[in-house]
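Below is one structure, written out as structure tokens; comments come after it.
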There are 2 protein chains.
Amino acid sequence: MTDIGKKKATIYDLSMLSGASPSTVSAVLNGSWRKRRIKEATALLIQNLANEHGYTANLQARGLRSSRSGLVGLLLPVHDNRYFSSMAQSFEAQVRSRGQCPLVVSACRDPEEERKVVETLISYSIDELFIAGATDPDGVHKVCEKAGLKHVNIDLPGTLAPSIISDNHEGARMLTQAIIERAQEDGPLSPDDLYLFGGRNDHASHERIRGFRAVKRVLLGADPDVCIQPTGYSPAMTARAFEAFYEGHGKLPRAFFVNSSINLEGLMRFLALHPHETFADIIVGCYDYDPFGSFLPFPVFMIRQDSEAMITKGFAILDADRGPPITHLVQPTLVPPRTALTGPLDALRDIE
Amino acid sequence: MTDIGKKKATIYDLSMLSGASPSTVSAVLNGSWRKRRIKEATALLIQNLANEHGYTANLQARGLRSSRSGLVGLLLPVHDNRYFSSMAQSFEAQVRSRGQCPLVVSACRDPEEERKVVETLISYSIDELFIAGATDPDGVHKVCEKAGLKHVNIDLPGTLAPSIISDNHEGARMLTQAIIERAQEDGPLSPDDLYLFGGRNDHASHERIRGFRAVKRVLLGADPDVCIQPTGYSPAMTARAFEAFYEGHGKLPRAFFVNSSINLEGLMRFLALHPHETFADIIVGCYDYDPFGSFLPFPVFMIRQDSEAMITKGFAILDADRGPPITHLVQPTLVPPRTALTGPLDALRDIE
DNA sequence: CTTTTTTGCACAATCGATGGTGCAATGACT
DNA sequence: AGTCATTGCACCATCGATTGTGCAAAAAAG
């Protein structure tokens with residue numbers, strides 16, 4: 001590492017220093033030198049010089065020329081949520097292990113923003129894109145298609161590109177059954193005692209609600225519409241729904257299904273405004289896993305979606321190239337209350 | 001949007017179509033056309049053509065030429081943690097509002113990885129870098145410096161670049177005092193009843209431990225070394241520390257300070273293995289805020305670090321250009337148990 | 001000692017955008 | 001009409017890498 005503080009070395013600098021031509025330097029440094037029949041001695045010379053001067057390729061230049069950037073994008077609705085941030089963590093690890101550079105961005109569940117963000121990514125010539133939880137996957141698809149960008153949908157399916165989603169229907173069934181059985185330990189449960197909060201007009205919510213209603217009808221014999229409270233993906237709206245119910249009934253439902261950990265945050269907001277003792281006996285199911293959510297002062301059954309498997313599957317599909325726009329299901333798992341699962345962080349060594 | 005499926009339009013394409021030269025097209029499309037005295041009519045013509053053909057600039061080419069990419073990086077230790085993911089969320093919003101493109105990457109608290117990741121970012125000619133919670137900020141600094149990259153440290157300070165960190169000492173004092181006072185409501189607290197778990201050999205941990213010990217000594221009269229259990233930033237290690245204490249004493253300390261929400265996950269792992277009733281009376285302080293952590297079945301005082309303010313301050317420093325390597329403190333806030341704060345997500349509109 | 005083959009590398013075009021420079025056409029002014 | 005300033009734009013080098021092509025020198029074949 002000499003030349004501290006100077007501009008970064010380029011192949012032209014190394015060309016001067018080594019006496020070789022820029023193209024030779026380029027070939028040596030990008031690994032194609034055997035194909036180009038460069039003498040091993042020359043290669044070694046140049047590699048040493050490169051190390052010595054701390055050469056690193058200008059990836060913009062490389063990307064411009066080769067129209068491949070080595071960037072892989074992950075489009076997220078939001079970051080600050082364990083499901084998506086854990087997905088980002090797995091994504092990064094997998095992209096790195098493939099020698100590419102991960103690029104994680106969020107688009108705030110705004111279809112317009114989603115398209116804009118993807119256009120920006122395309123302007124950087126990213127090679128592949130994972131579209132997670134997009135509000136308008138098909139809109140994003142069109143943008144990608146126009147640019148010839150390979151992409152898959154994760155978490156929420158589109159009709160135009162291959163999708164990998166969690167088996168929301170089955171997950172919801174497991175979760176619903178778990179909370180019903182648990183609630184029944186405390187005495188018979190009537191259909192009015194079991195609600196669902198959260199979710200909106202997207203595929204995941206539909207499937208979850210469908211699974212919830214099916215199991216409820218079978219186990220409790222009825223399934224009134226009033227027990228379904230789709231509040232969108234917003235803690236504030238969800239809190240308002242709980243508040244409304246509470247005002248009407250003087251208590252929360254004995255058991256309820258919460259559509260996502262974001263909605264579960266809405267429950268926290270509600271709880272903050274009311275004494276804890278009032279709700280000591282509720283049973284909650286949450287479609288998402290959060291390590292702290294699992295230890296709340298009432299039983300919380302959770303569904304852990306396997307985002308790591310989804311990413312893996314996503315790469316498999318992208319590698320297979322041009323798969324049909326099929327939807328692949330990944331099985332989630334039911335997590336009983338008071339469970340601390342390990343996550344991607346556990347793969348990290350902890351120094352000292 | 002004509003030309004669906006064809007290659008992306010370039011300034012050369014628009015040059016052909018409009019009859020103007022590529023440089024004119026470029027000037028029109030990057031906004032510098034008034035400076036270059038381009039006729040308004042020409043500009044409009046070209047802008048219309050650009051819209052019609054869905055032109056978007058190739059940002060790699062632009063970056064290559066102008067050596068400014070419009071990218072701003074945020075280097076994180078990990079994603080899946082509310083503190084950092086919430087920081088990522090604020091970061092994205094602020095970068096976007098400045099018309100740049102956010103690039104969030106994690107380096108797993110590995111100094112080697114940190115440097116490698118930053119070198120990669122530099123290869124993409126990023127314009128500015130926020131280094132959050134780096135294990136070796138000064139190592140990263142050297143890499144940046146060599147490339148002439150403007151950067152600031154967030155969360156963990158370095159000695160060579162401006163740093164913005166939370167006031168760990170003061171935060172720890174507040175937190176310690178809060179849990180002591182709360183614990184004393186249940187009867188007198190002896191020094192042996194108050195422990196600290198987590199943290200390692202970094203500035204934040206030092207300061208927090210220092211604040212903890214100072215307050216403890218004043219309020220409880222003593223501060224035995226054995227009560228400090230630095231377990232690193234690892235849930236597994238932290239869980240082991242709790243387990244060890246439990247084996248030795250048949251219970252957990254009456255009150256304890258947990259160094260971060262990552263360490264608090266270690267407590268969850270411990271709790272998962274033991275019946276809840278055993279620990280109903282513990283008082284916990286956690287240096288980090290997590291909305292679910294705040295509602296655990298025992299009082300959890302938390303410290304909310306103001307990552308949004310840190311990012312804002314970071315931009316101010318970068319904009320001021322070449323600030324001295326001073327450390328700026330941002331005040332955190334004490335969050336009482338059972339509190340649901342709003343976060344960056346609340347800024348999002350929620351469409352049905 | 002030629003002729004052919006192989007080895008090792010240099011040359012130059014190219015990716016798409018930027019910005020300094022120069023020059024023709026137009027208008028203003030004496 | 002001649003001089004000068006202004007307007008409006010084209011030309012071209014450049015950023016740093018990649019890659020198809022061509023051509024000497026060395027090695028092998030005859």
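Residue names in the structure tokens use chain letters A, B, ... in the order shown, residue numbers from 1 in each chain, and ligand numbers from 1 in the order shown.
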Practice item. Within 10 Å of region 24-27 of chain B, counting only C-alpha atoms (C1' of nucleotides), which residues show up once you throw out same-chain ones fewer than 6 positions away? Write them as a ChimeraX atom specification, please. Key: /B:10-16,18,33-38,42-43,45-47,50,57 /C:16-19 /D:9-10
Determine, using only C-alpha atoms (C1' of nucleotides), which residues of chain A have any atom at most 7 Å from an atom of chain D, and tabulate each with its shortest atom pair and distance in Å to one decimal place, rows ordered by chain and then rising number, as a Markdown table.
| residue | atom | partner | partner_atom | distance |
| --- | --- | --- | --- | --- |
| A:Thr10 | CA | D:DG16 | C1' | 6.8 |
| A:Asn58 | CA | D:DG16 | C1' | 6.4 |
| A:Ala61 | CA | D:DG16 | C1' | 5.1 |
| A:Arg62 | CA | D:DA17 | C1' | 4.8 |
| A:Arg65 | CA | D:DT18 | C1' | 6.1 |
| A:Ser66 | CA | D:DT18 | C1' | 6.6 |
Check your understanding: Mind listing as a list of chain:residue names which residues of chain C are within 7 Å of chain A, counting only C-alpha atoms (C1' of nucleotides)?
Key ->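 Result, ordered by chain then number: C:DG8, C:DA10, C:DC15.
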Keeping only N, CA and C atoms (P, O5', C5', C4', C3', O3' and C1' of nucleotides), write the selected residues to a file as a short mmCIF file (atom, residue, chain, number, x, y, z; two decimals), in the first residue's frame.
data_model
loop_
_atom_site.label_atom_id
_atom_site.label_comp_id
_atom_site.auth_asym_id
_atom_site.auth_seq_id
_atom_site.Cartn_x
_atom_site.Cartn_y
_atom_site.Cartn_z
P DG C 8 3.81 -18.16 -23.65
"O5'" DG C 8 3.71 -16.66 -24.16
"C5'" DG C 8 4.90 -15.96 -24.50
"C4'" DG C 8 4.54 -14.54 -24.82
"C3'" DG C 8 3.67 -13.87 -23.74
"O3'" DG C 8 4.29 -12.66 -23.36
"C1'" DG C 8 2.76 -13.54 -25.88
P DA C 10 2.31 -5.60 -23.90
"O5'" DA C 10 1.96 -4.80 -25.23
"C5'" DA C 10 2.87 -4.83 -26.32
"C4'" DA C 10 2.19 -4.26 -27.57
"C3'" DA C 10 1.45 -2.94 -27.33
"O3'" DA C 10 1.68 -2.10 -28.46
"C1'" DA C 10 -0.07 -4.60 -28.12
P DC C 15 -20.62 0.88 -28.38
"O5'" DC C 15 -20.99 0.85 -26.83
"C5'" DC C 15 -21.05 -0.36 -26.10
"C4'" DC C 15 -20.99 -0.04 -24.63
"C3'" DC C 15 -21.75 1.24 -24.28
"O3'" DC C 15 -23.03 0.90 -23.79
"C1'" DC C 15 -19.58 1.12 -23.20
#
Exercise for review: Compare A:Thr159, A:Ser69, A:Asn153, A:Gln177 by their minimum atom-to-atom distance to chain B, counting only C-alpha atoms, and give me the closest one.
Suggested key: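 The closest residue to chain B is A:Ser69.
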Exercise for review: Return as a PyMOL selection string the residues belonging to chain B that are within 7 Å of chain A, counting only C-alpha atoms.
Suggested key: chain B and resi 4-8+56-61+63-64+79-82+85-86+88-89+103-104+108+123-124+145-147+200+232-234+265+268-269+272+291-293+295-297+338-340+348+350+352
**Study point:** Residues near Pro336 (chain B), cut-off 8 Å, only C-alpha atoms (C1' of nucleotides), skip fewer than 5 positions along chain, as a PyMOL selection string
**Key:** chain B and resi 294+300-302
**Study point:** Separation of CA of Ala172 (chain A) from CA of Ile326 (chain A), in Å and rounded to one decimal
**Key:**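 So the answer is 21.6 Å.
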Review point. Which is closest to Ser260 (chain B) among B:Gly248, B:Pro324, B:Gly314, B:Gly198, if we use only C-alpha atoms?
Key: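 Looking only at the distances to Ser260 (chain B), the closest residue turns out to be B:Gly198.
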Might you pull out every residue within 12 Å of Ala244 (chain A), with only C-alpha atoms (C1' of nucleotides) counted and same-chain residues fewer than 4 positions away left off, and present them as a PDB file with C-alpha atoms, in the first residue's frame?
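Ended up saving to around.pdb:
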ATOM      1  CA  PHE A 197     -56.549  -8.130  12.966  1.00  0.00           C
ATOM      2  CA  GLN A 229     -60.564  -6.656  10.891  1.00  0.00           C
ATOM      3  CA  THR A 231     -56.356  -2.719   9.190  1.00  0.00           C
ATOM      4  CA  MET A 237     -54.431   1.655  12.325  1.00  0.00           C
ATOM      5  CA  THR A 238     -54.160  -1.655  14.100  1.00  0.00           C
ATOM      6  CA  ALA A 239     -54.056   0.015  17.480  1.00  0.00           C
ATOM      7  CA  ARG A 240     -57.185   1.887  16.552  1.00  0.00           C
ATOM      8  CA  GLY A 248     -67.340  -1.804  22.332  1.00  0.00           C
ATOM      9  CA  HIS A 249     -66.748  -4.816  24.550  1.00  0.00           C
ATOM     10  CA  GLY A 250     -64.772  -3.653  27.565  1.00  0.00           C
ATOM     11  CA  LYS A 251     -62.124  -6.221  26.772  1.00  0.00           C
ATOM     12  CA  LEU A 252     -60.131  -7.696  23.919  1.00  0.00           C
ATOM     13  CA  PRO A 253     -61.230 -10.894  22.187  1.00  0.00           C
ATOM     14  CA  PHE A 270     -52.939  -0.446  22.593  1.00  0.00           C
TER      15      PHE A 270
END
Review point. Between CA of His169 (chain A) and CA of Tyr289 (chain A), what is the spacing in Å?
Key: 16.5 Å
